[in-house]
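Participant: Contents are TSV, N, CA and C atoms; file name query_11.tsv:
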chain	number	residue	atom	x	y	z
A	1	MET	N	0.81	-1.18	0.00
A	1	MET	CA	0.00	0.00	0.00
A	1	MET	C	0.86	1.26	0.00
A	2	HIS	N	2.03	1.22	0.59
A	2	HIS	CA	2.94	2.35	0.59
A	2	HIS	C	3.35	2.74	-0.82
A	3	VAL	N	3.49	1.79	-1.71
A	3	VAL	CA	3.87	2.02	-3.09
A	3	VAL	C	2.77	2.80	-3.81
A	4	GLN	N	1.51	2.47	-3.54
A	4	GLN	CA	0.40	3.15	-4.20
A	4	GLN	C	0.34	4.63	-3.79
A	5	LYS	N	0.58	4.95	-2.53
A	5	LYS	CA	0.55	6.33	-2.08
A	5	LYS	C	1.63	7.15	-2.78
A	6	CYS	N	2.79	6.57	-2.98
A	6	CYS	CA	3.89	7.26	-3.64
A	6	CYS	C	3.57	7.52	-5.11
A	7	ALA	N	2.86	6.63	-5.74
A	7	ALA	CA	2.51	6.79	-7.15
A	7	ALA	C	1.39	7.81	-7.33
A	8	ILE	N	0.50	7.91	-6.37
A	8	ILE	CA	-0.63	8.82	-6.47
A	8	ILE	C	-0.22	10.26	-6.16
A	9	ALA	N	0.69	10.46	-5.23
A	9	ALA	CA	1.09	11.81	-4.82
A	9	ALA	C	1.62	12.65	-5.99
A	10	PRO	N	2.54	12.15	-6.83
A	10	PRO	CA	3.01	12.97	-7.95
A	10	PRO	C	1.89	13.26	-8.97
A	11	ALA	N	1.01	12.29	-9.17
A	11	ALA	CA	-0.09	12.50	-10.11
A	11	ALA	C	-1.03	13.59	-9.60
A	12	LEU	N	-1.31	13.57	-8.30
A	12	LEU	CA	-2.17	14.61	-7.72
A	12	LEU	C	-1.49	15.98	-7.77
A	13	ALA	N	-0.19	16.01	-7.53
A	13	ALA	CA	0.55	17.27	-7.59
A	13	ALA	C	0.51	17.84	-9.01
A	14	LEU	N	0.67	16.98	-10.01
A	14	LEU	CA	0.62	17.42	-11.40
A	14	LEU	C	-0.77	17.93	-11.76
A	15	LEU	N	-1.80	17.21	-11.35
A	15	LEU	CA	-3.17	17.63	-11.61
A	15	LEU	C	-3.46	18.97	-10.95
A	16	LEU	N	-3.02	19.15	-9.73
A	16	LEU	CA	-3.23	20.40	-9.02
A	16	LEU	C	-2.52	21.55	-9.73
A	17	ALA	N	-1.30	21.32	-10.18
A	17	ALA	CA	-0.55	22.34	-10.90
A	17	ALA	C	-1.25	22.73	-12.20
A	18	MET	N	-1.80	21.75	-12.91
A	18	MET	CA	-2.51	22.03	-14.16
A	18	MET	C	-3.77	22.84	-13.90
A	19	LEU	N	-4.47	22.53	-12.82
A	19	LEU	CA	-5.69	23.26	-12.50
A	19	LEU	C	-5.39	24.69	-12.10
A	20	VAL	N	-4.33	24.89	-11.34
A	20	VAL	CA	-3.98	26.22	-10.88
A	20	VAL	C	-3.41	27.07	-12.01
A	21	MET	N	-2.54	26.53	-12.82
A	21	MET	CA	-1.86	27.29	-13.86
A	21	MET	C	-2.61	27.31	-15.18
A	22	GLY	N	-3.39	26.32	-15.46
A	22	GLY	CA	-4.07	26.22	-16.75
A	22	GLY	C	-4.97	27.39	-17.08
A	23	PRO	N	-5.94	27.72	-16.23
A	23	PRO	CA	-6.82	28.84	-16.56
A	23	PRO	C	-6.09	30.17	-16.65
A	24	GLY	N	-5.07	30.37	-15.85
A	24	GLY	CA	-4.34	31.63	-15.88
A	24	GLY	C	-3.66	31.88	-17.21
A	25	ALA	N	-3.23	30.84	-17.87
A	25	ALA	CA	-2.54	31.00	-19.14
A	25	ALA	C	-3.49	31.45	-20.23
A	26	SER	N	-4.79	31.15	-20.11
A	26	SER	CA	-5.72	31.50	-21.17
A	26	SER	C	-6.34	32.88	-20.99
A	27	TYR	N	-6.16	33.53	-19.83
A	27	TYR	CA	-6.77	34.84	-19.61
A	27	TYR	C	-6.26	35.88	-20.59
A	28	GLY	N	-5.00	35.84	-20.96
A	28	GLY	CA	-4.43	36.84	-21.83
A	28	GLY	C	-4.71	36.63	-23.31
A	29	GLN	N	-5.30	35.51	-23.65
A	29	GLN	CA	-5.53	35.21	-25.06
A	29	GLN	C	-6.81	35.86	-25.53
A	30	SER	N	-6.77	36.37	-26.76
A	30	SER	CA	-7.95	36.99	-27.36
A	30	SER	C	-8.00	36.59	-28.82
A	31	PHE	N	-9.18	36.44	-29.34
A	31	PHE	CA	-9.35	36.09	-30.75
A	31	PHE	C	-10.03	37.22	-31.50
A	32	PHE	N	-10.08	38.39	-30.86
A	32	PHE	CA	-10.79	39.52	-31.44
A	32	PHE	C	-9.90	40.75	-31.49
A	33	GLY	N	-10.37	41.74	-32.23
A	33	GLY	CA	-9.75	43.05	-32.26
A	33	GLY	C	-10.80	44.08	-31.91
A	34	SER	N	-10.47	45.34	-32.12
A	34	SER	CA	-11.43	46.41	-31.89
A	34	SER	C	-11.24	47.50	-32.94
A	35	VAL	N	-12.31	48.28	-33.13
A	35	VAL	CA	-12.27	49.40	-34.06
A	35	VAL	C	-12.86	50.59	-33.32
A	36	ASN	N	-12.17	51.73	-33.38
A	36	ASN	CA	-12.66	52.92	-32.71
A	36	ASN	C	-12.21	54.16	-33.46
A	37	GLY	N	-12.79	55.29	-33.10
A	37	GLY	CA	-12.39	56.53	-33.74
A	37	GLY	C	-13.26	57.68	-33.31
A	38	THR	N	-13.03	58.81	-33.95
A	38	THR	CA	-13.77	60.04	-33.69
A	38	THR	C	-14.42	60.49	-34.98
A	39	VAL	N	-15.67	60.92	-34.88
A	39	VAL	CA	-16.38	61.48	-36.03
A	39	VAL	C	-16.43	62.98	-35.83
A	40	SER	N	-15.97	63.72	-36.85
A	40	SER	CA	-15.95	65.18	-36.78
A	40	SER	C	-16.45	65.75	-38.10
A	41	ASP	N	-16.65	67.07	-38.12
A	41	ASP	CA	-17.03	67.73	-39.37
A	41	ASP	C	-15.80	68.35	-40.00
A	42	ALA	N	-15.98	69.06	-41.10
A	42	ALA	CA	-14.86	69.62	-41.85
A	42	ALA	C	-14.08	70.65	-41.04
A	43	THR	N	-14.69	71.26	-40.02
A	43	THR	CA	-14.00	72.25	-39.20
A	43	THR	C	-13.26	71.60	-38.03
A	44	GLY	N	-13.47	70.30	-37.83
A	44	GLY	CA	-12.83	69.59	-36.73
A	44	GLY	C	-13.72	69.45	-35.50
A	45	ALA	N	-14.92	70.03	-35.55
A	45	ALA	CA	-15.85	69.88	-34.43
A	45	ALA	C	-16.39	68.45	-34.41
A	46	VAL	N	-16.50	67.89	-33.21
A	46	VAL	CA	-16.99	66.51	-33.10
A	46	VAL	C	-18.47	66.45	-33.42
A	47	VAL	N	-18.91	65.26	-33.86
A	47	VAL	CA	-20.31	65.05	-34.23
A	47	VAL	C	-20.90	63.98	-33.32
A	48	PRO	N	-21.59	64.39	-32.26
A	48	PRO	CA	-22.26	63.41	-31.40
A	48	PRO	C	-23.52	62.87	-32.08
A	49	GLY	N	-23.91	61.66	-31.75
A	49	GLY	CA	-25.15	61.09	-32.27
A	49	GLY	C	-25.07	60.57	-33.69
A	50	ALA	N	-23.88	60.48	-34.27
A	50	ALA	CA	-23.73	59.92	-35.62
A	50	ALA	C	-23.84	58.40	-35.55
A	51	THR	N	-24.49	57.82	-36.54
A	51	THR	CA	-24.61	56.36	-36.60
A	51	THR	C	-23.44	55.80	-37.38
A	52	VAL	N	-22.68	54.93	-36.74
A	52	VAL	CA	-21.50	54.30	-37.36
A	52	VAL	C	-21.83	52.83	-37.59
A	53	THR	N	-21.68	52.38	-38.83
A	53	THR	CA	-21.99	50.99	-39.20
A	53	THR	C	-20.71	50.29	-39.64
A	54	LEU	N	-20.41	49.17	-38.99
A	54	LEU	CA	-19.25	48.33	-39.32
A	54	LEU	C	-19.77	47.12	-40.07
A	55	VAL	N	-19.24	46.87	-41.28
A	55	VAL	CA	-19.72	45.77	-42.12
A	55	VAL	C	-18.59	44.78	-42.38
A	56	ASN	N	-18.81	43.52	-41.97
A	56	ASN	CA	-17.87	42.45	-42.26
A	56	ASN	C	-17.98	42.11	-43.74
A	57	GLN	N	-16.90	42.25	-44.49
A	57	GLN	CA	-16.93	42.07	-45.94
A	57	GLN	C	-17.14	40.62	-46.36
A	58	ALA	N	-16.75	39.67	-45.52
A	58	ALA	CA	-16.90	38.25	-45.86
A	58	ALA	C	-18.32	37.76	-45.61
A	59	THR	N	-18.96	38.25	-44.55
A	59	THR	CA	-20.27	37.73	-44.17
A	59	THR	C	-21.41	38.69	-44.44
A	60	GLY	N	-21.10	39.98	-44.60
A	60	GLY	CA	-22.14	40.98	-44.78
A	60	GLY	C	-22.82	41.39	-43.48
A	61	VAL	N	-22.37	40.85	-42.36
A	61	VAL	CA	-22.97	41.18	-41.07
A	61	VAL	C	-22.65	42.63	-40.71
A	62	GLU	N	-23.69	43.38	-40.34
A	62	GLU	CA	-23.54	44.78	-39.97
A	62	GLU	C	-23.73	44.95	-38.47
A	63	THR	N	-22.89	45.79	-37.88
A	63	THR	CA	-23.01	46.14	-36.47
A	63	THR	C	-23.04	47.66	-36.39
A	64	GLU	N	-23.98	48.20	-35.62
A	64	GLU	CA	-24.11	49.65	-35.51
A	64	GLU	C	-23.84	50.13	-34.10
A	65	THR	N	-23.33	51.36	-34.01
A	65	THR	CA	-23.20	52.06	-32.75
A	65	THR	C	-23.42	53.53	-33.03
A	66	VAL	N	-23.52	54.32	-31.97
A	66	VAL	CA	-23.74	55.76	-32.10
A	66	VAL	C	-22.62	56.48	-31.37
A	67	THR	N	-22.12	57.57	-31.96
A	67	THR	CA	-21.06	58.33	-31.31
A	67	THR	C	-21.58	58.98	-30.03
A	68	ASN	N	-20.69	59.09	-29.05
A	68	ASN	CA	-21.06	59.71	-27.78
A	68	ASN	C	-20.95	61.24	-27.88
A	69	ALA	N	-21.09	61.92	-26.78
A	69	ALA	CA	-21.06	63.38	-26.76
A	69	ALA	C	-19.72	63.95	-27.23
A	70	SER	N	-18.67	63.14	-27.17
A	70	SER	CA	-17.34	63.56	-27.63
A	70	SER	C	-17.05	63.13	-29.05
A	71	GLY	N	-18.06	62.58	-29.75
A	71	GLY	CA	-17.88	62.13	-31.13
A	71	GLY	C	-17.15	60.81	-31.25
A	72	LEU	N	-16.97	60.10	-30.14
A	72	LEU	CA	-16.22	58.84	-30.14
A	72	LEU	C	-17.14	57.65	-30.36
A	73	TYR	N	-16.62	56.64	-31.05
A	73	TYR	CA	-17.33	55.36	-31.20
A	73	TYR	C	-16.34	54.23	-30.97
A	74	THR	N	-16.86	53.07	-30.58
A	74	THR	CA	-16.02	51.90	-30.34
A	74	THR	C	-16.79	50.63	-30.69
A	75	PHE	N	-16.13	49.73	-31.40
A	75	PHE	CA	-16.63	48.38	-31.62
A	75	PHE	C	-15.63	47.45	-30.95
A	76	VAL	N	-16.09	46.62	-30.02
A	76	VAL	CA	-15.22	45.66	-29.34
A	76	VAL	C	-15.58	44.25	-29.80
A	77	ASN	N	-14.70	43.31	-29.54
A	77	ASN	CA	-14.90	41.91	-29.92
A	77	ASN	C	-15.19	41.76	-31.40
A	78	VAL	N	-14.38	42.44	-32.21
A	78	VAL	CA	-14.50	42.36	-33.67
A	78	VAL	C	-13.65	41.19	-34.15
A	79	ARG	N	-14.29	40.24	-34.83
A	79	ARG	CA	-13.56	39.08	-35.36
A	79	ARG	C	-12.57	39.53	-36.44
A	80	ALA	N	-11.45	38.82	-36.51
A	80	ALA	CA	-10.46	39.13	-37.53
A	80	ALA	C	-11.09	39.02	-38.91
A	81	GLY	N	-10.78	39.97	-39.78
A	81	GLY	CA	-11.34	39.97	-41.13
A	81	GLY	C	-11.23	41.34	-41.76
A	82	ARG	N	-11.92	41.50	-42.88
A	82	ARG	CA	-11.92	42.76	-43.62
A	82	ARG	C	-13.26	43.45	-43.39
A	83	TYR	N	-13.19	44.76	-43.13
A	83	TYR	CA	-14.38	45.52	-42.75
A	83	TYR	C	-14.44	46.84	-43.51
A	84	ALA	N	-15.65	47.38	-43.60
A	84	ALA	CA	-15.88	48.73	-44.10
A	84	ALA	C	-16.70	49.46	-43.05
A	85	ILE	N	-16.55	50.78	-43.03
A	85	ILE	CA	-17.32	51.61	-42.10
A	85	ILE	C	-18.05	52.67	-42.91
A	86	SER	N	-19.31	52.90	-42.52
A	86	SER	CA	-20.05	54.05	-43.04
A	86	SER	C	-20.57	54.84	-41.85
A	87	VAL	N	-20.67	56.15	-42.03
A	87	VAL	CA	-21.13	57.03	-40.96
A	87	VAL	C	-22.20	57.95	-41.52
A	88	ALA	N	-23.31	58.03	-40.78
A	88	ALA	CA	-24.42	58.89	-41.19
A	88	ALA	C	-24.82	59.77	-40.02
A	89	ALA	N	-25.10	61.05	-40.32
A	89	ALA	CA	-25.58	61.98	-39.31
A	89	ALA	C	-26.45	63.02	-39.99
A	90	THR	N	-27.44	63.50	-39.29
A	90	THR	CA	-28.35	64.50	-39.84
A	90	THR	C	-27.58	65.74	-40.27
A	91	GLY	N	-27.84	66.19	-41.50
A	91	GLY	CA	-27.20	67.39	-42.02
A	91	GLY	C	-25.87	67.14	-42.71
A	92	PHE	N	-25.46	65.86	-42.77
A	92	PHE	CA	-24.18	65.52	-43.39
A	92	PHE	C	-24.36	64.45	-44.46
A	93	LYS	N	-23.45	64.43	-45.41
A	93	LYS	CA	-23.41	63.34	-46.39
A	93	LYS	C	-22.93	62.08	-45.69
A	94	VAL	N	-23.39	60.92	-46.16
A	94	VAL	CA	-22.93	59.64	-45.61
A	94	VAL	C	-21.47	59.45	-46.03
A	95	ALA	N	-20.63	59.11	-45.07
A	95	ALA	CA	-19.20	58.86	-45.35
A	95	ALA	C	-18.97	57.36	-45.44
A	96	GLN	N	-18.25	56.95	-46.47
A	96	GLN	CA	-17.87	55.55	-46.66
A	96	GLN	C	-16.35	55.47	-46.56
A	97	MET	N	-15.86	54.70	-45.61
A	97	MET	CA	-14.42	54.54	-45.45
A	97	MET	C	-13.94	53.35	-46.28
A	98	PRO	N	-12.68	53.40	-46.76
A	98	PRO	CA	-12.14	52.26	-47.52
A	98	PRO	C	-12.09	50.99	-46.65
A	99	VAL	N	-12.14	49.85	-47.30
A	99	VAL	CA	-12.06	48.56	-46.61
A	99	VAL	C	-10.70	48.45	-45.91
A	100	PHE	N	-10.72	47.90	-44.70
A	100	PHE	CA	-9.50	47.74	-43.91
A	100	PHE	C	-9.55	46.40	-43.20
A	101	ALA	N	-8.38	45.94	-42.74
A	101	ALA	CA	-8.28	44.64	-42.07
A	101	ALA	C	-8.20	44.82	-40.56
A	102	VAL	N	-8.84	43.89	-39.85
A	102	VAL	CA	-8.73	43.80	-38.40
A	102	VAL	C	-8.13	42.44	-38.08
A	103	GLY	N	-7.06	42.44	-37.32
A	103	GLY	CA	-6.42	41.19	-36.92
A	103	GLY	C	-6.67	40.90	-35.46
A	104	VAL	N	-6.26	39.73	-35.02
A	104	VAL	CA	-6.39	39.34	-33.62
A	104	VAL	C	-5.58	40.32	-32.76
A	105	ASN	N	-6.21	40.84	-31.73
A	105	ASN	CA	-5.61	41.80	-30.79
A	105	ASN	C	-5.30	43.16	-31.40
A	106	ASP	N	-5.75	43.43	-32.63
A	106	ASP	CA	-5.55	44.75	-33.25
A	106	ASP	C	-6.54	45.74	-32.66
A	107	SER	N	-6.08	46.97	-32.52
A	107	SER	CA	-6.96	48.08	-32.16
A	107	SER	C	-6.84	49.09	-33.30
A	108	ILE	N	-7.82	49.08	-34.19
A	108	ILE	CA	-7.79	49.89	-35.39
A	108	ILE	C	-8.48	51.22	-35.13
A	109	VAL	N	-7.83	52.32	-35.51
A	109	VAL	CA	-8.43	53.65	-35.37
A	109	VAL	C	-8.87	54.12	-36.76
A	110	GLN	N	-10.15	54.44	-36.86
A	110	GLN	CA	-10.72	54.96	-38.11
A	110	GLN	C	-11.44	56.28	-37.78
A	111	ASN	N	-10.72	57.39	-37.86
A	111	ASN	CA	-11.35	58.70	-37.66
A	111	ASN	C	-12.05	59.09	-38.95
A	112	VAL	N	-13.23	59.71	-38.82
A	112	VAL	CA	-14.05	60.03	-39.98
A	112	VAL	C	-14.39	61.52	-39.95
A	113	SER	N	-14.22	62.18	-41.10
A	113	SER	CA	-14.61	63.57	-41.25
A	113	SER	C	-15.82	63.63	-42.17
A	114	LEU	N	-16.89	64.23	-41.68
A	114	LEU	CA	-18.13	64.32	-42.46
A	114	LEU	C	-18.21	65.65	-43.20
A	115	GLU	N	-18.81	65.60	-44.41
A	115	GLU	CA	-19.05	66.81	-45.19
A	115	GLU	C	-20.51	67.21	-45.03
A	116	VAL	N	-20.74	68.52	-44.99
A	116	VAL	CA	-22.10	69.01	-44.88
A	116	VAL	C	-22.89	68.53	-46.09
A	117	GLY	N	-24.11	68.04	-45.85
A	117	GLY	CA	-24.95	67.54	-46.93
A	117	GLY	C	-25.79	68.63	-47.54
A	118	ALA	N	-26.67	68.22	-48.41
A	118	ALA	CA	-27.57	69.15	-49.07
A	118	ALA	C	-28.48	69.80	-48.02
A	119	VAL	N	-28.70	71.09	-48.18
A	119	VAL	CA	-29.56	71.82	-47.26
A	119	VAL	C	-31.01	71.48	-47.57
A	120	THR	N	-31.75	71.15	-46.53
A	120	THR	CA	-33.19	70.89	-46.70
A	120	THR	C	-33.95	71.95	-45.96
A	121	GLU	N	-35.06	72.33	-46.51
A	121	GLU	CA	-35.87	73.38	-45.90
A	121	GLU	C	-37.12	72.77	-45.30
A	122	THR	N	-37.46	73.27	-44.17
A	122	THR	CA	-38.71	72.89	-43.54
A	122	THR	C	-39.62	74.09	-43.54
A	123	ILE	N	-40.76	73.98	-44.14
A	123	ILE	CA	-41.70	75.08	-44.20
A	123	ILE	C	-42.84	74.80	-43.25
A	124	GLU	N	-43.05	75.74	-42.36
A	124	GLU	CA	-44.15	75.61	-41.40
A	124	GLU	C	-45.31	76.47	-41.88
A	125	VAL	N	-46.41	75.86	-42.15
A	125	VAL	CA	-47.57	76.58	-42.66
A	125	VAL	C	-48.54	76.79	-41.53
A	126	THR	N	-48.93	78.04	-41.32
A	126	THR	CA	-49.96	78.35	-40.32
A	126	THR	C	-51.07	79.12	-41.03
A	127	GLY	N	-52.29	78.93	-40.63
A	127	GLY	CA	-53.41	79.59	-41.31
A	127	GLY	C	-54.39	80.15	-40.31
A	128	GLN	N	-55.18	81.03	-40.80
A	128	GLN	CA	-56.24	81.59	-39.99
A	128	GLN	C	-57.57	81.16	-40.55
A	129	ALA	N	-58.49	80.87	-39.68
A	129	ALA	CA	-59.81	80.44	-40.15
A	129	ALA	C	-60.79	81.56	-40.05
Show me this structure written as structure tokens.
Facilitator:
Amino acid sequence: MHVQKCAIAPALALLLAMLVMGPGASYGQSFFGSVNGTVSDATGAVVPGATVTLVNQATGVETETVTNASGLYTFVNVRAGRYAISVAATGFKVAQMPVFAVGVNDSIVQNVSLEVGAVTETIEVTGQA
């Protein structure tokens, strides 16, 4: 019976070491990247509330977000691949950015400058009866 205890002890020590060290090694691994940037106008003023659409070129899957009060947007957990971005905001032309690649652990910055769009008029009609 003494022989069995000696054989089990190293196996338990190895198993314990694998359990303790195994999960820690995988915490730093990531299979995604991120895309972020600032949306501004031609004068450099930020554009809050702009809709930013990220399109995966291989799958056609679209993901949308809206810029914050500082004109910033962020897409996290972006799978590696080729993407395009479009940005739309009231009073501006839609901006289409060239296709770009996102790799594992990449943090891609895509700043976008919007051009003023066509002016639209709103006419308010009031009448007297």
Participant: Using all atoms listed in the file, find all polymer residues with an atom at most 7 Å away from the point (-26.3, 58.1, -40.0); report them as number ranges by chain.
Facilitator: A: 49-52, 86-90, 94
Participant: Can you work out the spacing between atom C of Ile85 (chain A) and CA of Pro98 (chain A) in Å, to one decimal?
Facilitator: 7.5 Å
Participant: Find the residues around Ser70 (chain A) up to 6.5 Å (all atoms listed in the file counted), leave out those fewer than 6 positions away in its own chain, and share them as number ranges by chain.
Facilitator: A: 38-39, 46-48
Participant: Have a look at CA of Asn111 (chain A) and atom N of Ser30 (chain A) and let me know their distance in Å, one decimal.
Facilitator: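 Here the two named atoms are 25.3 Å from each other.
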Participant: Tell me, in Å to one decimal, how far CA of Glu64 (chain A) is from CA of Tyr83 (chain A).
Facilitator: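 Calculated distance between CA of Glu64 (chain A) and CA of Tyr83 (chain A) is 12.8 Å.
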Participant: Please provide as a list in words all residues within 7 Å of Gly81 (chain A), with the sequence filter that same-chain residues fewer than 5 positions apart are discarded (counting only N, CA and C atoms).
Facilitator: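 Counting only the stated atoms, we get Asn56, Gln57, Ala58, Phe100, Ala101, Val102, Gly103 and Val104 of chain A.
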Participant: Using all atoms listed in the file, determine which residues lie at most 7 Å from Phe31 (chain A), disregarding the query and same-chain residues fewer than 5 positions distant; provide the list as an mmCIF file with N, CA and C atoms, keeping the file's coordinate frame.
Facilitator:
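Dumped to selection06.cif:
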data_model
loop_
_atom_site.group_PDB
_atom_site.id
_atom_site.type_symbol
_atom_site.label_atom_id
_atom_site.label_comp_id
_atom_site.auth_asym_id
_atom_site.auth_seq_id
_atom_site.Cartn_x
_atom_site.Cartn_y
_atom_site.Cartn_z
ATOM 1 N N ASN A 77 -14.700 43.310 -29.540
ATOM 2 C CA ASN A 77 -14.900 41.910 -29.920
ATOM 3 C C ASN A 77 -15.190 41.760 -31.400
ATOM 4 N N VAL A 78 -14.380 42.440 -32.210
ATOM 5 C CA VAL A 78 -14.500 42.360 -33.670
ATOM 6 C C VAL A 78 -13.650 41.190 -34.150
ATOM 7 N N ARG A 79 -14.290 40.240 -34.830
ATOM 8 C CA ARG A 79 -13.560 39.080 -35.360
ATOM 9 C C ARG A 79 -12.570 39.530 -36.440
ATOM 10 N N ALA A 80 -11.450 38.820 -36.510
ATOM 11 C CA ALA A 80 -10.460 39.130 -37.530
ATOM 12 C C ALA A 80 -11.090 39.020 -38.910
ATOM 13 N N GLY A 103 -7.060 42.440 -37.320
ATOM 14 C CA GLY A 103 -6.420 41.190 -36.920
ATOM 15 C C GLY A 103 -6.670 40.900 -35.460
ATOM 16 N N VAL A 104 -6.260 39.730 -35.020
ATOM 17 C CA VAL A 104 -6.390 39.340 -33.620
ATOM 18 C C VAL A 104 -5.580 40.320 -32.760
ATOM 19 N N ASN A 105 -6.210 40.840 -31.730
ATOM 20 C CA ASN A 105 -5.610 41.800 -30.790
ATOM 21 C C ASN A 105 -5.300 43.160 -31.400
#
Participant: For a cut-off of 6 Å around (-11.5, 52.8, -37.4), file coordinates, pick out all residues using only C-alpha atoms and list them as a VMD selection string.
Facilitator: chain A and resid 35 to 37 108 to 111
Participant: With 5 Å on each side, where is the centre of the axis-aligned box around all listed atoms of region 48-51 of chain A, and how long are its edges in Å to one decimal, as lines of an AutoDock Vina configuration file?
Facilitator:
center_x = -23.4
center_y = 60.1
center_z = -34.4
size_x = 13.6
size_y = 18.6
size_z = 16.0
Participant: With all heavy atoms as the goal, would you fill in the gaps in region 94-101 of chain A and present it as an mmCIF file, in the coordinates of the input?
Facilitator:
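The resulting part17.cif:
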data_model
loop_
_atom_site.group_PDB
_atom_site.id
_atom_site.type_symbol
_atom_site.label_atom_id
_atom_site.label_comp_id
_atom_site.auth_asym_id
_atom_site.auth_seq_id
_atom_site.Cartn_x
_atom_site.Cartn_y
_atom_site.Cartn_z
ATOM 1 N N VAL A 94 -23.390 60.920 -46.160
ATOM 2 C CA VAL A 94 -22.930 59.640 -45.610
ATOM 3 C C VAL A 94 -21.470 59.450 -46.030
ATOM 4 O O VAL A 94 -21.125 59.622 -47.193
ATOM 5 C CB VAL A 94 -23.793 58.471 -46.100
ATOM 6 C CG1 VAL A 94 -23.216 57.143 -45.636
ATOM 7 C CG2 VAL A 94 -25.227 58.630 -45.628
ATOM 8 N N ALA A 95 -20.630 59.110 -45.070
ATOM 9 C CA ALA A 95 -19.200 58.860 -45.350
ATOM 10 C C ALA A 95 -18.970 57.360 -45.440
ATOM 11 O O ALA A 95 -19.444 56.600 -44.603
ATOM 12 C CB ALA A 95 -18.340 59.453 -44.240
ATOM 13 N N GLN A 96 -18.250 56.950 -46.470
ATOM 14 C CA GLN A 96 -17.870 55.550 -46.660
ATOM 15 C C GLN A 96 -16.350 55.470 -46.560
ATOM 16 O O GLN A 96 -15.653 56.085 -47.351
ATOM 17 C CB GLN A 96 -18.307 55.057 -48.051
ATOM 18 C CG GLN A 96 -19.788 55.105 -48.302
ATOM 19 C CD GLN A 96 -20.521 53.938 -47.659
ATOM 20 O OE1 GLN A 96 -19.926 52.961 -47.242
ATOM 21 N NE2 GLN A 96 -21.827 54.066 -47.561
ATOM 22 N N MET A 97 -15.860 54.700 -45.610
ATOM 23 C CA MET A 97 -14.420 54.540 -45.450
ATOM 24 C C MET A 97 -13.940 53.350 -46.280
ATOM 25 O O MET A 97 -14.686 52.395 -46.480
ATOM 26 C CB MET A 97 -14.069 54.310 -43.973
ATOM 27 C CG MET A 97 -14.495 55.454 -43.059
ATOM 28 S SD MET A 97 -13.740 57.021 -43.484
ATOM 29 C CE MET A 97 -12.055 56.686 -43.033
ATOM 30 N N PRO A 98 -12.680 53.400 -46.760
ATOM 31 C CA PRO A 98 -12.140 52.260 -47.520
ATOM 32 C C PRO A 98 -12.090 50.990 -46.650
ATOM 33 O O PRO A 98 -11.992 51.075 -45.424
ATOM 34 C CB PRO A 98 -10.725 52.701 -47.884
ATOM 35 C CG PRO A 98 -10.694 54.178 -47.684
ATOM 36 C CD PRO A 98 -11.731 54.496 -46.651
ATOM 37 N N VAL A 99 -12.140 49.850 -47.300
ATOM 38 C CA VAL A 99 -12.060 48.560 -46.610
ATOM 39 C C VAL A 99 -10.700 48.450 -45.910
ATOM 40 O O VAL A 99 -9.679 48.859 -46.450
ATOM 41 C CB VAL A 99 -12.276 47.383 -47.595
ATOM 42 C CG1 VAL A 99 -12.063 46.045 -46.924
ATOM 43 C CG2 VAL A 99 -13.679 47.470 -48.203
ATOM 44 N N PHE A 100 -10.720 47.900 -44.700
ATOM 45 C CA PHE A 100 -9.500 47.740 -43.910
ATOM 46 C C PHE A 100 -9.550 46.400 -43.200
ATOM 47 O O PHE A 100 -10.608 45.779 -43.071
ATOM 48 C CB PHE A 100 -9.344 48.887 -42.900
ATOM 49 C CG PHE A 100 -10.487 48.985 -41.929
ATOM 50 C CD1 PHE A 100 -10.432 48.360 -40.698
ATOM 51 C CD2 PHE A 100 -11.639 49.685 -42.270
ATOM 52 C CE1 PHE A 100 -11.499 48.441 -39.812
ATOM 53 C CE2 PHE A 100 -12.709 49.777 -41.391
ATOM 54 C CZ PHE A 100 -12.639 49.159 -40.163
ATOM 55 N N ALA A 101 -8.380 45.940 -42.740
ATOM 56 C CA ALA A 101 -8.280 44.640 -42.070
ATOM 57 C C ALA A 101 -8.200 44.820 -40.560
ATOM 58 O O ALA A 101 -7.581 45.763 -40.067
ATOM 59 C CB ALA A 101 -7.043 43.893 -42.564
#
